[in-house]
Structures are given as structure tokens and as C-alpha cells.
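To be precise, the following lines are entry.tsv, and they hold TSV, C-alpha atoms and all ligand atoms.
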```
chain	number	residue	atom	x	y	z
A	1	MET	CA	8.94	-17.60	-21.44
A	2	PRO	CA	7.54	-18.59	-18.05
A	3	GLU	CA	3.84	-17.89	-17.41
A	4	GLU	CA	4.63	-15.45	-14.64
A	5	PRO	CA	7.52	-13.39	-15.98
A	6	LEU	CA	9.87	-11.65	-13.56
A	7	VAL	CA	10.31	-8.14	-14.95
A	8	LEU	CA	12.46	-5.25	-13.75
A	9	GLY	CA	11.12	-1.82	-14.78
A	10	ILE	CA	13.01	1.46	-14.88
A	11	GLU	CA	11.32	4.88	-14.89
A	12	THR	CA	13.20	8.17	-15.36
A	13	SER	CA	10.87	10.35	-17.45
A	14	CYS	CA	10.61	13.19	-14.95
A	15	ASP	CA	12.01	13.71	-11.44
A	16	GLU	CA	11.57	10.23	-9.95
A	17	THR	CA	14.15	7.48	-10.46
A	18	GLY	CA	11.93	4.42	-10.08
A	19	VAL	CA	12.93	0.77	-10.22
A	20	GLY	CA	10.18	-1.78	-9.78
A	21	ILE	CA	10.17	-5.56	-9.90
A	22	VAL	CA	7.04	-7.59	-10.57
A	23	ARG	CA	6.27	-11.24	-11.11
A	24	GLY	CA	3.16	-11.47	-13.28
A	25	HIS	CA	0.73	-9.15	-11.50
A	26	THR	CA	2.54	-9.34	-8.17
A	27	LEU	CA	4.59	-6.38	-6.96
A	28	LEU	CA	7.87	-7.50	-5.40
A	29	ALA	CA	9.75	-4.20	-5.12
A	30	ASP	CA	9.11	-0.52	-5.80
A	31	ALA	CA	12.30	1.46	-5.11
A	32	LEU	CA	12.14	5.20	-5.63
A	33	ALA	CA	14.61	8.07	-5.41
A	34	SER	CA	13.15	11.51	-5.99
A	35	SER	CA	14.87	14.77	-6.87
A	36	VAL	CA	11.69	16.73	-6.11
A	37	ASP	CA	13.30	18.68	-3.24
A	38	GLU	CA	16.02	19.95	-5.59
A	39	HIS	CA	13.36	21.45	-7.88
A	40	ALA	CA	11.11	22.91	-5.19
A	41	ARG	CA	12.72	26.34	-5.11
A	42	PHE	CA	12.26	26.69	-8.89
A	43	GLY	CA	8.55	25.86	-8.71
A	44	GLY	CA	8.87	23.14	-11.35
A	45	VAL	CA	11.16	20.36	-12.54
A	46	VAL	CA	14.50	21.59	-13.95
A	47	PRO	CA	15.47	19.05	-16.67
A	48	GLU	CA	19.27	19.21	-16.20
A	49	VAL	CA	18.94	18.81	-12.44
A	50	ALA	CA	16.63	15.82	-12.95
A	51	SER	CA	19.02	14.13	-15.41
A	52	ARG	CA	21.98	14.47	-13.06
A	53	ALA	CA	19.96	13.14	-10.14
A	54	HIS	CA	18.88	10.09	-12.22
A	55	LEU	CA	22.51	9.42	-13.04
A	56	GLU	CA	23.45	9.38	-9.37
A	57	ALA	CA	20.40	7.43	-8.20
A	58	MET	CA	20.22	4.79	-10.95
A	59	VAL	CA	22.63	2.11	-9.71
A	60	PRO	CA	21.76	2.37	-5.98
A	61	THR	CA	18.02	2.26	-6.80
A	62	ILE	CA	18.44	-0.85	-9.00
A	63	ARG	CA	20.42	-2.51	-6.20
A	64	ARG	CA	17.78	-1.62	-3.65
A	65	ALA	CA	14.94	-2.99	-5.80
A	66	LEU	CA	16.75	-6.30	-6.39
A	67	SER	CA	17.52	-6.63	-2.71
A	68	ASP	CA	13.92	-5.71	-1.65
A	69	ALA	CA	12.55	-8.32	-4.09
A	70	GLY	CA	15.10	-10.91	-2.94
A	71	VAL	CA	16.16	-11.67	-6.52
A	72	THR	CA	19.29	-11.21	-8.62
A	73	LEU	CA	19.60	-9.72	-12.08
A	74	HIS	CA	20.21	-13.25	-13.28
A	75	ASP	CA	16.67	-14.28	-12.17
A	76	VAL	CA	15.00	-11.49	-14.16
A	77	ASP	CA	13.26	-12.55	-17.41
A	78	ALA	CA	13.08	-9.11	-19.02
A	79	ILE	CA	13.90	-5.46	-18.47
A	80	ALA	CA	11.39	-2.71	-19.25
A	81	VAL	CA	12.18	0.98	-19.40
A	82	THR	CA	10.24	4.15	-20.12
A	83	ALA	CA	11.16	5.16	-23.68
A	84	GLY	CA	8.87	8.24	-23.60
A	85	PRO	CA	7.15	10.61	-23.35
A	86	GLY	CA	9.04	12.78	-20.87
A	87	LEU	CA	12.10	14.96	-20.46
A	88	ALA	CA	14.62	14.01	-23.16
A	89	GLY	CA	17.75	14.04	-20.97
A	90	ALA	CA	16.02	12.26	-18.09
A	91	LEU	CA	14.66	9.53	-20.39
A	92	LEU	CA	18.10	9.06	-21.89
A	93	VAL	CA	19.62	8.15	-18.52
A	94	GLY	CA	17.02	5.43	-17.94
A	95	VAL	CA	17.16	4.07	-21.49
A	96	ALA	CA	20.98	3.95	-21.52
A	97	GLY	CA	21.06	2.36	-18.06
A	98	ALA	CA	18.47	-0.26	-19.01
A	99	LYS	CA	20.29	-1.12	-22.23
A	100	GLY	CA	23.53	-1.53	-20.31
A	101	LEU	CA	21.85	-3.90	-17.87
A	102	ALA	CA	20.14	-5.85	-20.65
A	103	LEU	CA	23.38	-6.27	-22.59
A	104	ALA	CA	25.42	-7.23	-19.54
A	105	ALA	CA	22.86	-9.73	-18.25
A	106	GLU	CA	21.74	-10.89	-21.72
A	107	LYS	CA	18.07	-10.11	-21.12
A	108	PRO	CA	15.40	-8.91	-23.57
A	109	ILE	CA	14.49	-5.24	-23.22
A	110	TYR	CA	11.14	-3.48	-23.73
A	111	GLY	CA	11.09	0.28	-24.32
A	112	VAL	CA	7.59	1.22	-23.16
A	113	ASN	CA	5.21	4.16	-23.09
A	114	HIS	CA	5.01	6.03	-19.77
A	115	LEU	CA	1.31	6.82	-20.23
A	116	ALA	CA	0.34	3.22	-20.94
A	117	ALA	CA	2.38	2.23	-17.87
A	118	HIS	CA	0.17	4.53	-15.74
A	119	VAL	CA	-2.76	2.39	-16.93
A	120	ALA	CA	-1.00	-0.99	-16.62
A	121	VAL	CA	0.03	-0.38	-13.00
A	122	ASP	CA	-3.52	-1.01	-11.88
A	123	THR	CA	-3.00	-4.73	-12.63
A	124	LEU	CA	-0.71	-4.83	-9.57
A	125	GLU	CA	-3.64	-3.74	-7.42
A	126	HIS	CA	-6.69	-5.28	-9.10
A	127	GLY	CA	-5.36	-8.07	-11.34
A	128	PRO	CA	-5.79	-8.45	-15.11
A	129	ILE	CA	-7.32	-5.48	-16.91
A	130	THR	CA	-10.95	-5.84	-17.90
A	131	GLU	CA	-10.96	-4.92	-21.58
A	132	PRO	CA	-12.42	-2.90	-23.11
A	133	ALA	CA	-11.97	-0.11	-20.60
A	134	ILE	CA	-11.92	3.67	-20.57
A	135	ALA	CA	-8.78	5.15	-19.03
A	136	LEU	CA	-8.63	8.62	-17.54
A	137	LEU	CA	-4.98	9.57	-17.46
A	138	VAL	CA	-4.22	12.63	-15.39
A	139	SER	CA	-0.66	13.61	-14.58
A	140	GLY	CA	1.64	16.63	-14.50
A	141	GLY	CA	2.19	16.54	-18.24
A	142	HIS	CA	-0.93	14.84	-19.62
A	143	SER	CA	-4.68	14.67	-19.29
A	144	SER	CA	-6.37	12.24	-21.64
A	145	LEU	CA	-9.33	10.00	-22.08
A	146	LEU	CA	-8.38	6.75	-23.76
A	147	ARG	CA	-10.24	3.74	-25.02
A	148	VAL	CA	-8.33	0.57	-24.12
A	149	ASP	CA	-9.30	-2.51	-26.14
A	150	ASP	CA	-5.97	-4.32	-25.86
A	151	LEU	CA	-3.22	-2.68	-23.84
A	152	THR	CA	-0.53	-4.78	-25.53
A	153	LYS	CA	-1.43	-3.36	-28.94
A	154	GLY	CA	-2.40	0.25	-28.43
A	155	VAL	CA	-4.93	2.63	-26.99
A	156	GLU	CA	-7.25	4.96	-28.83
A	157	PRO	CA	-7.23	8.60	-27.72
A	158	MET	CA	-10.78	9.97	-27.29
A	159	GLY	CA	-9.81	13.37	-25.94
A	160	ALA	CA	-7.06	15.32	-24.20
A	161	THR	CA	-6.39	18.69	-22.67
A	162	ILE	CA	-6.21	21.58	-25.11
A	163	ASP	CA	-4.01	23.62	-22.74
A	164	ASP	CA	-2.77	22.76	-19.21
A	165	ALA	CA	-2.66	19.23	-17.86
A	166	ALA	CA	-4.68	18.61	-14.69
A	167	GLY	CA	-1.56	18.18	-12.54
A	168	GLU	CA	-0.06	21.31	-14.05
A	169	ALA	CA	-3.19	23.22	-13.00
A	170	PHE	CA	-2.79	21.91	-9.44
A	171	ASP	CA	0.88	22.98	-9.46
A	172	LYS	CA	0.17	26.45	-10.87
A	173	VAL	CA	-2.76	27.17	-8.55
A	174	ALA	CA	-0.72	25.98	-5.56
A	175	ARG	CA	2.01	28.39	-6.57
A	176	LEU	CA	-0.32	31.34	-6.73
A	177	LEU	CA	-1.67	30.39	-3.29
A	178	GLY	CA	1.92	30.43	-1.99
A	179	MET	CA	2.07	26.65	-1.53
A	180	PRO	CA	5.13	24.50	-2.30
A	181	PHE	CA	5.79	22.34	-5.40
A	182	PRO	CA	4.38	19.86	-6.31
A	183	GLY	CA	1.03	21.44	-5.58
A	184	GLY	CA	-1.31	18.48	-5.97
A	185	PRO	CA	-0.77	16.82	-2.60
A	186	VAL	CA	-0.71	20.20	-0.79
A	187	ILE	CA	-4.00	21.35	-2.34
A	188	ASP	CA	-5.49	17.94	-1.58
A	189	ARG	CA	-4.63	18.38	2.13
A	190	ALA	CA	-5.70	22.04	2.30
A	191	ALA	CA	-9.01	21.23	0.58
A	192	ARG	CA	-9.90	18.79	3.35
A	193	GLU	CA	-9.90	21.75	5.78
A	194	GLY	CA	-11.98	23.93	3.46
A	195	VAL	CA	-15.41	24.08	1.85
A	196	ALA	CA	-15.97	24.33	-1.90
A	197	THR	CA	-18.03	27.51	-1.73
A	198	ILE	CA	-16.63	29.34	-4.77
A	199	GLY	CA	-18.14	28.48	-8.14
A	200	PHE	CA	-15.10	28.31	-10.41
A	201	PRO	CA	-15.65	27.60	-14.14
A	202	ARG	CA	-15.84	24.06	-15.56
A	203	GLY	CA	-13.86	24.25	-18.83
A	204	LEU	CA	-15.38	22.85	-22.05
A	205	THR	CA	-18.61	21.70	-20.43
A	206	ALA	CA	-20.96	24.23	-22.09
A	207	THR	CA	-23.42	22.97	-24.69
A	208	ARG	CA	-21.56	24.90	-27.42
A	209	ASP	CA	-18.39	22.91	-26.64
A	210	PHE	CA	-20.12	19.57	-26.99
A	211	ALA	CA	-19.61	18.98	-30.74
A	212	GLU	CA	-15.89	19.66	-30.86
A	213	HIS	CA	-14.71	19.16	-27.30
A	214	ARG	CA	-16.97	16.57	-25.70
A	215	PHE	CA	-14.00	14.54	-24.42
A	216	ASN	CA	-11.38	17.28	-24.30
A	217	PHE	CA	-10.29	19.23	-21.22
A	218	SER	CA	-9.24	22.81	-20.60
A	219	PHE	CA	-7.84	23.99	-17.27
A	220	SER	CA	-6.16	27.27	-18.12
A	221	GLY	CA	-9.38	29.30	-17.79
A	222	LEU	CA	-9.92	27.78	-14.35
A	223	LYS	CA	-6.39	28.71	-13.30
A	224	THR	CA	-6.96	32.29	-14.50
A	225	ALA	CA	-10.31	32.45	-12.68
A	226	VAL	CA	-8.61	31.41	-9.43
A	227	ALA	CA	-5.89	34.05	-9.99
A	228	ARG	CA	-8.51	36.80	-10.61
A	229	TRP	CA	-10.49	35.74	-7.54
A	230	VAL	CA	-7.38	35.85	-5.35
A	231	GLU	CA	-6.33	39.25	-6.77
A	232	SER	CA	-9.74	40.80	-6.16
A	233	ARG	CA	-9.71	39.59	-2.55
A	234	GLU	CA	-6.23	40.99	-2.03
A	235	ALA	CA	-7.16	44.31	-3.69
A	236	ALA	CA	-10.12	44.61	-1.33
A	237	GLY	CA	-7.77	43.99	1.60
A	238	GLU	CA	-9.76	40.95	2.64
A	239	PRO	CA	-8.17	37.81	4.10
A	240	LEU	CA	-7.75	34.89	1.69
A	241	PRO	CA	-9.69	31.77	2.66
A	242	ILE	CA	-6.93	29.54	1.25
A	243	ASN	CA	-8.51	26.24	2.21
A	244	ASP	CA	-11.83	27.20	0.62
A	245	VAL	CA	-10.09	28.35	-2.57
A	246	ALA	CA	-8.17	25.04	-2.67
A	247	ALA	CA	-11.38	23.04	-2.10
A	248	SER	CA	-13.31	25.02	-4.74
A	249	PHE	CA	-10.54	24.70	-7.33
A	250	GLN	CA	-10.17	20.97	-6.65
A	251	GLU	CA	-13.94	20.50	-6.85
A	252	ALA	CA	-14.00	22.14	-10.30
A	253	VAL	CA	-11.17	19.92	-11.63
A	254	CYS	CA	-12.65	16.71	-10.21
A	255	ASP	CA	-16.15	17.60	-11.40
A	256	VAL	CA	-14.98	17.99	-15.01
A	257	LEU	CA	-12.69	14.94	-14.96
A	258	THR	CA	-15.32	12.58	-13.59
A	259	MET	CA	-18.14	14.04	-15.68
A	260	LYS	CA	-16.22	13.58	-18.94
A	261	ALA	CA	-14.81	10.17	-18.01
A	262	LEU	CA	-18.26	8.82	-17.21
A	263	ASP	CA	-19.66	10.41	-20.37
A	264	ALA	CA	-16.95	8.51	-22.32
A	265	CYS	CA	-18.07	5.28	-20.62
A	266	ARG	CA	-21.72	5.92	-21.49
A	267	TYR	CA	-20.86	6.99	-25.07
A	268	THR	CA	-18.90	3.77	-25.74
A	269	GLY	CA	-21.08	1.48	-23.59
A	270	ILE	CA	-17.96	0.48	-21.64
A	271	ASN	CA	-18.47	-0.05	-17.93
A	272	THR	CA	-14.91	-0.13	-16.58
A	273	LEU	CA	-13.08	3.12	-15.83
A	274	ILE	CA	-9.37	3.02	-14.97
A	275	ILE	CA	-7.89	6.19	-13.49
A	276	GLY	CA	-4.11	6.66	-13.52
A	277	GLY	CA	-1.37	9.28	-13.25
A	278	GLY	CA	-0.28	11.51	-10.37
A	279	VAL	CA	-3.62	13.34	-10.07
A	280	ALA	CA	-5.35	9.97	-9.57
A	281	ALA	CA	-3.79	10.12	-6.09
A	282	ASN	CA	-6.22	12.96	-5.31
A	283	SER	CA	-8.60	11.95	-2.53
A	284	ARG	CA	-11.55	13.99	-3.83
A	285	LEU	CA	-11.16	12.66	-7.39
A	286	ARG	CA	-11.15	9.09	-6.09
A	287	ALA	CA	-14.22	9.60	-3.92
A	288	MET	CA	-16.19	11.53	-6.54
A	289	ALA	CA	-15.41	9.00	-9.29
A	290	GLU	CA	-16.49	6.08	-7.09
A	291	GLU	CA	-19.69	7.82	-6.05
A	292	ARG	CA	-20.76	8.95	-9.52
A	293	ALA	CA	-19.74	5.71	-11.26
A	294	ALA	CA	-21.70	3.60	-8.81
A	295	LYS	CA	-24.88	5.43	-9.86
A	296	HIS	CA	-24.29	4.34	-13.46
A	297	GLY	CA	-23.20	0.76	-12.76
A	298	ILE	CA	-19.62	1.56	-13.79
A	299	THR	CA	-16.67	-0.03	-12.01
A	300	VAL	CA	-13.82	2.32	-11.14
A	301	ARG	CA	-10.31	0.92	-10.90
A	302	VAL	CA	-7.77	3.25	-9.36
A	303	PRO	CA	-4.53	2.01	-7.83
A	304	ARG	CA	-3.34	3.10	-4.38
A	305	PRO	CA	-1.87	6.64	-4.36
A	306	LYS	CA	1.78	5.53	-4.27
A	307	LEU	CA	1.29	3.64	-7.55
A	308	CYS	CA	-0.49	6.62	-9.19
A	309	THR	CA	2.50	8.96	-9.10
A	310	ASP	CA	5.57	8.05	-11.19
A	311	ASN	CA	7.31	4.83	-10.14
A	312	GLY	CA	9.24	1.90	-11.59
A	313	ALA	CA	6.59	-0.70	-10.75
A	314	MET	CA	4.26	0.71	-13.40
A	315	VAL	CA	6.92	0.20	-16.07
A	316	ALA	CA	7.56	-3.34	-14.84
A	317	ALA	CA	3.79	-3.98	-14.84
A	318	LEU	CA	3.47	-2.96	-18.49
A	319	GLY	CA	6.61	-4.95	-19.36
A	320	SER	CA	5.17	-8.02	-17.65
A	321	HIS	CA	1.89	-7.56	-19.55
A	322	LEU	CA	3.81	-7.43	-22.86
A	323	VAL	CA	6.01	-10.44	-22.05
A	324	ALA	CA	2.97	-12.50	-21.02
A	325	ALA	CA	1.25	-11.59	-24.31
A	326	GLY	CA	4.29	-12.76	-26.28
A	327	ALA	CA	5.09	-9.28	-27.61
A	328	PRO	CA	8.52	-9.06	-29.27
A	329	PRO	CA	11.20	-7.14	-27.35
A	330	SER	CA	12.50	-3.80	-28.61
A	331	ARG	CA	15.58	-3.58	-30.80
A	332	MET	CA	18.66	-2.63	-28.83
A	333	ASP	CA	19.04	0.64	-30.78
A	334	PHE	CA	15.62	2.11	-29.88
A	335	PRO	CA	15.79	5.82	-28.97
A	336	ALA	CA	14.38	7.73	-26.03
A	337	ASP	CA	11.44	9.64	-27.54
A	338	SER	CA	10.38	12.65	-25.48
A	339	ALA	CA	7.23	13.07	-27.62
A	340	LEU	CA	6.22	9.40	-27.86
A	341	GLY	CA	2.50	9.29	-28.69
A	342	VAL	CA	0.02	7.49	-26.50
A	343	GLY	CA	-0.88	5.15	-29.37
A	344	THR	CA	2.56	3.48	-29.24
A	345	ILE	CA	2.70	1.08	-26.29
A	346	ALA	CA	6.20	-0.26	-26.89
A	347	VAL	CA	8.87	0.95	-29.30
B	401	LIG	O1	2.23	11.05	-12.91
B	401	LIG	P1	3.07	12.03	-12.19
B	401	LIG	O2	3.77	11.59	-10.92
B	401	LIG	O3	4.19	12.63	-13.13
B	401	LIG	C1	3.91	12.91	-14.47
B	401	LIG	O4	3.98	11.95	-15.29
B	401	LIG	O5	3.60	14.09	-14.73
B	401	LIG	O6	2.15	13.28	-11.88
B	401	LIG	C2	2.62	14.40	-11.17
B	401	LIG	C3	1.47	15.37	-10.98
B	401	LIG	C4	1.91	16.69	-10.34
B	401	LIG	O7	1.36	17.74	-11.11
B	401	LIG	C5	1.29	16.64	-8.96
B	401	LIG	O8	0.95	17.91	-8.44
B	401	LIG	C6	0.07	15.78	-9.19
B	401	LIG	O9	0.49	14.79	-10.10
B	401	LIG	N1	-0.41	15.15	-7.95
B	401	LIG	C7	-1.63	15.39	-7.43
B	401	LIG	C8	-1.70	14.67	-6.21
B	401	LIG	N2	-0.52	13.97	-6.06
B	401	LIG	C9	0.25	14.28	-7.15
B	401	LIG	N3	-2.64	16.17	-7.86
B	401	LIG	C10	-3.74	16.25	-7.09
B	401	LIG	N4	-3.87	15.60	-5.90
B	401	LIG	C11	-2.88	14.79	-5.43
B	401	LIG	N5	-3.04	14.16	-4.27
B	402	ZN	ZN	3.59	10.07	-14.97
```

Go ahead and express the file in the form of C-alpha cells.
Ligand code: KG4
Ligand code: ZN
Amino acid sequence: MPEEPLVLGIETSCDETGVGIVRGHTLLADALASSVDEHARFGGVVPEVASRAHLEAMVPTIRRALSDAGVTLHDVDAIAVTAGPGLAGALLVGVAGAKGLALAAEKPIYGVNHLAAHVAVDTLEHGPITEPAIALLVSGGHSSLLRVDDLTKGVEPMGATIDDAAGEAFDKVARLLGMPFPGGPVIDRAAREGVATIGFPRGLTATRDFAEHRFNFSFSGLKTAVARWVESREAAGEPLPINDVAASFQEAVCDVLTMKALDACRYTGINTLIIGGGVAANSRLRAMAEERAAKHGITVRVPRPKLCTDNGAMVAALGSHLVAAGAPPSRMDFPADSALGVGTIAV
């Protein structure tokens, strides 16, 4: 294998058909087709709609990525694809497509973990990962704190959400404020026009939670608190300060995420924090993490917003990392695994 492998990555775990091409740690193409508009009126991703959209977008998106990178399939050293976790039908389209490509072009294939790919993508922005590191992974389906000693071998879960994921909380709160789906970017924008004046609860941060839930998250109580606050305002016939509610909700989420992530760094003595997943695109989370980490001598690595939300480049980045480490490719009969655990980096 060459030192700087050329890897094509395919991502179809949710509503984005992503095809990325990287050489080593260099991003050459990041083609994306999203079905998000088709789900908007349902207030969430509809699996069958997503699968069909992947099917239609797959070949054109692969073509676009190859053309953007100025390479042919023949030049590619390996193909990586998200094997899980995610929506079963959506994953299947990507896995079947990637296998077809690998067979036709006689290339090795790597079925990789979507969550680990959210961590690996930072290498495209900041170069090789400093290990060990703590990773805060916050997306629409997951919120976890992970210890990363060797990303090619596995990651160790330290904590996770016990109910809603952080992105899910953004989406649900946006919905109850009458904002469109996905809610994260809309709340982020609204919050910039508001002031965080309302003291919403910080889940699992009380002293009594410390023993069992030090590194776990809970956002469903926060979501309910926002709903009650909005209802009481409406019942009183008072106008709803939407921007202030958005800012206060966002402040509560970011406060808990950064507090627990930095606590995990202090607990393990690790001074690198990687933040990944769609919620890592949040402007307040990025600013708060930087500010608080600096006070503790901790380096925060968070990729640019476009690389935080689902994309193919992150899958290619993890594939490239595995190829460079000499990891064996996946067997051609590996399945799409909608419940793939975070401990399994490649199937
Ligand atoms: O990683 P991702 O693209 O897909 C999953 O793997 O789930 O994450 C999507 C989630 C959605 O819940 C979306 O609302 C949230 O990331 N999100 C944000 C922002 N941009 C996307 N949340 C807060 N602030 C943002 N700027
Ligand atoms: Zn994701």
C-alpha cells in the first residue's frame, strides 16, 4: 500500500448521500446530496424516503466526487463505507453500492463505524489524531463521551445519553417553537439574536447523579422544561420571546456538554478533546468549549461545520486511517448493522 492512500468513502446512514475522496489526511472531494427537504414536512427523517433518495443519488454523487477530485475509480486504493449504526434500509443502499464498486474495480473495501468516522474526520482539518484523546460525539442519534487510545483498534465508551441525543433535543425543541427541521442550525441562528435569560435545567449534573451518571447525559427533562415554559407563557397570553428561549435552551445543552467533556479530560488526565457529529457545528458549543478548555490547558479539536454534519469525507478519512495502519479490509459479505456499537471501528 502507498504511504498516502487514496480512499473513496460512502456515507448513507441517514438522510445525506455523501461521497468523499481523501489522500492521506488531504480532502480532495466531498460530494453531498441531501434528502432533508423531503423529510421536512414530517418533522424527522422518514427511513423509506431516505433509502429511495440514496438509491437515486448514489451513482451521480460518486461521479461528482471522482470528477471534483480529478481521479478515476482505477486510481483509488480502497473503498470505505458506513456499515452502521444508522437506518437499516439507508445503510443497505450504501453498503451494496460500495460492494458493487469494490467488486467491479477490484479494490479492497472497509465497512466502518459512522461514529468513529465523526471522530476521524478531524484529521482532514488538523492532521493526525493526538492519542490518547477524549471525543465528545454529539449528533442526531448519539451523544457519547469516548476515550480514544487508538482509533484503528477501538474506542472506549465513558458515558452516553440515557434518553434523547443532543441533536434530537435541538430538533424537538425547534419543533415546539414552530421552527423547521432540522432544528439545530435554526436554533443556532435564533440564539444569536437572543439572550440566555431563562435558567433551564442541566440534566445529570446534581451531586446525587455523580456516582452513577458522571459522564452520562440526559436531555429529555430539558426538552420538557422548555415545553412547560412555553405553555405557561401561552396560557398567560404573553408573547413568546423565541430567540431568548432558543438561546437559553442552547446554553443549557452546551453547558452540560462542555462541563462533562472537560471533566472526562481531567478524570483521565488527557488534554486533547475532539468534538464531532452534527451538533459540533453549533457556534455556541464551539466557542464555549474553546473558552473553557483554554482555562484548563486542554486543546480542543473540532472540524469546520460542514465536516461535522454527515458527509462522505469522514468515512474516507477513517478508511484512510485504517489503510495507513495496515488494518485488514472487511470480508465482502459483511452486513449493514443498524445497531453497530461504538467499540467496533471496522467490521
Ligand atoms: O451527525 P449528523 O449530521 O447526523 C447524525 O448522525 O445524526 O447530526 C444531525 C444533528 C441534527 O439533530 C441537527 O439538528 C444537529 O445535528 N445540528 C445542529 C447544528 N447543525 C446540525 N445542532 C446544533 N447546532 C447546529 N448548528
Ligand atoms: Zn452522524

- Message: Neighbours of ligand ZN 402 (chain B) at 9 Å or closer, counting all atoms listed in the file: which residues, as a PyMOL selection string?
- Response: chain A and resi 13-14+86+114-115+117-118+137-142+276-278+308-311

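Here CA of Leu262 (chain A) stands at a distance of 24.1 Å from CA of Lys306 (chain A).
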
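Counting only C-alpha atoms and all ligand atoms, the residue from A:Ser320, A:Thr72, A:Thr82, A:Thr26 that sits nearest to ligand LIG 401 (chain B) is A:Thr82.
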
- Message: Quick one: residues within 8 Å of Ala98 (chain A), all atoms listed in the file, excluding same-chain residues fewer than 6 positions away - as a list in words?
- Response: Ile10, Ile79, Ala80, Val81 and Ile109 of chain A

Taking only residues of region 141-195 of chain A that have an atom at most 12 Å from an atom of region 219-233 of chain A, what is each one's shortest atom pair and its distance in Å to one decimal, using all atoms listed in the file, in chain and number order, as JSON lines?
```
{"residue": "A:His142", "atom": "CA", "partner": "A:Phe219", "partner_atom": "CA", "distance": 11.7}
{"residue": "A:Ser143", "atom": "CA", "partner": "A:Phe219", "partner_atom": "CA", "distance": 10.0}
{"residue": "A:Ala160", "atom": "CA", "partner": "A:Phe219", "partner_atom": "CA", "distance": 11.1}
{"residue": "A:Thr161", "atom": "CA", "partner": "A:Phe219", "partner_atom": "CA", "distance": 7.7}
{"residue": "A:Ile162", "atom": "CA", "partner": "A:Phe219", "partner_atom": "CA", "distance": 8.4}
{"residue": "A:Asp163", "atom": "CA", "partner": "A:Ser220", "partner_atom": "CA", "distance": 6.3}
{"residue": "A:Asp164", "atom": "CA", "partner": "A:Phe219", "partner_atom": "CA", "distance": 5.6}
{"residue": "A:Ala165", "atom": "CA", "partner": "A:Phe219", "partner_atom": "CA", "distance": 7.1}
{"residue": "A:Ala166", "atom": "CA", "partner": "A:Phe219", "partner_atom": "CA", "distance": 6.8}
{"residue": "A:Gly167", "atom": "CA", "partner": "A:Phe219", "partner_atom": "CA", "distance": 9.8}
{"residue": "A:Glu168", "atom": "CA", "partner": "A:Phe219", "partner_atom": "CA", "distance": 8.8}
{"residue": "A:Ala169", "atom": "CA", "partner": "A:Phe219", "partner_atom": "CA", "distance": 6.4}
{"residue": "A:Phe170", "atom": "CA", "partner": "A:Lys223", "partner_atom": "CA", "distance": 8.6}
{"residue": "A:Asp171", "atom": "CA", "partner": "A:Lys223", "partner_atom": "CA", "distance": 10.0}
{"residue": "A:Lys172", "atom": "CA", "partner": "A:Lys223", "partner_atom": "CA", "distance": 7.4}
{"residue": "A:Val173", "atom": "CA", "partner": "A:Lys223", "partner_atom": "CA", "distance": 6.2}
{"residue": "A:Ala174", "atom": "CA", "partner": "A:Lys223", "partner_atom": "CA", "distance": 10.0}
{"residue": "A:Arg175", "atom": "CA", "partner": "A:Ala227", "partner_atom": "CA", "distance": 10.3}
{"residue": "A:Leu176", "atom": "CA", "partner": "A:Ala227", "partner_atom": "CA", "distance": 7.0}
{"residue": "A:Leu177", "atom": "CA", "partner": "A:Val230", "partner_atom": "CA", "distance": 8.2}
{"residue": "A:Gly178", "atom": "CA", "partner": "A:Val230", "partner_atom": "CA", "distance": 11.3}
```

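CA of Val76 (chain A) sits 17.5 Å away from CA of Gly94 (chain A).
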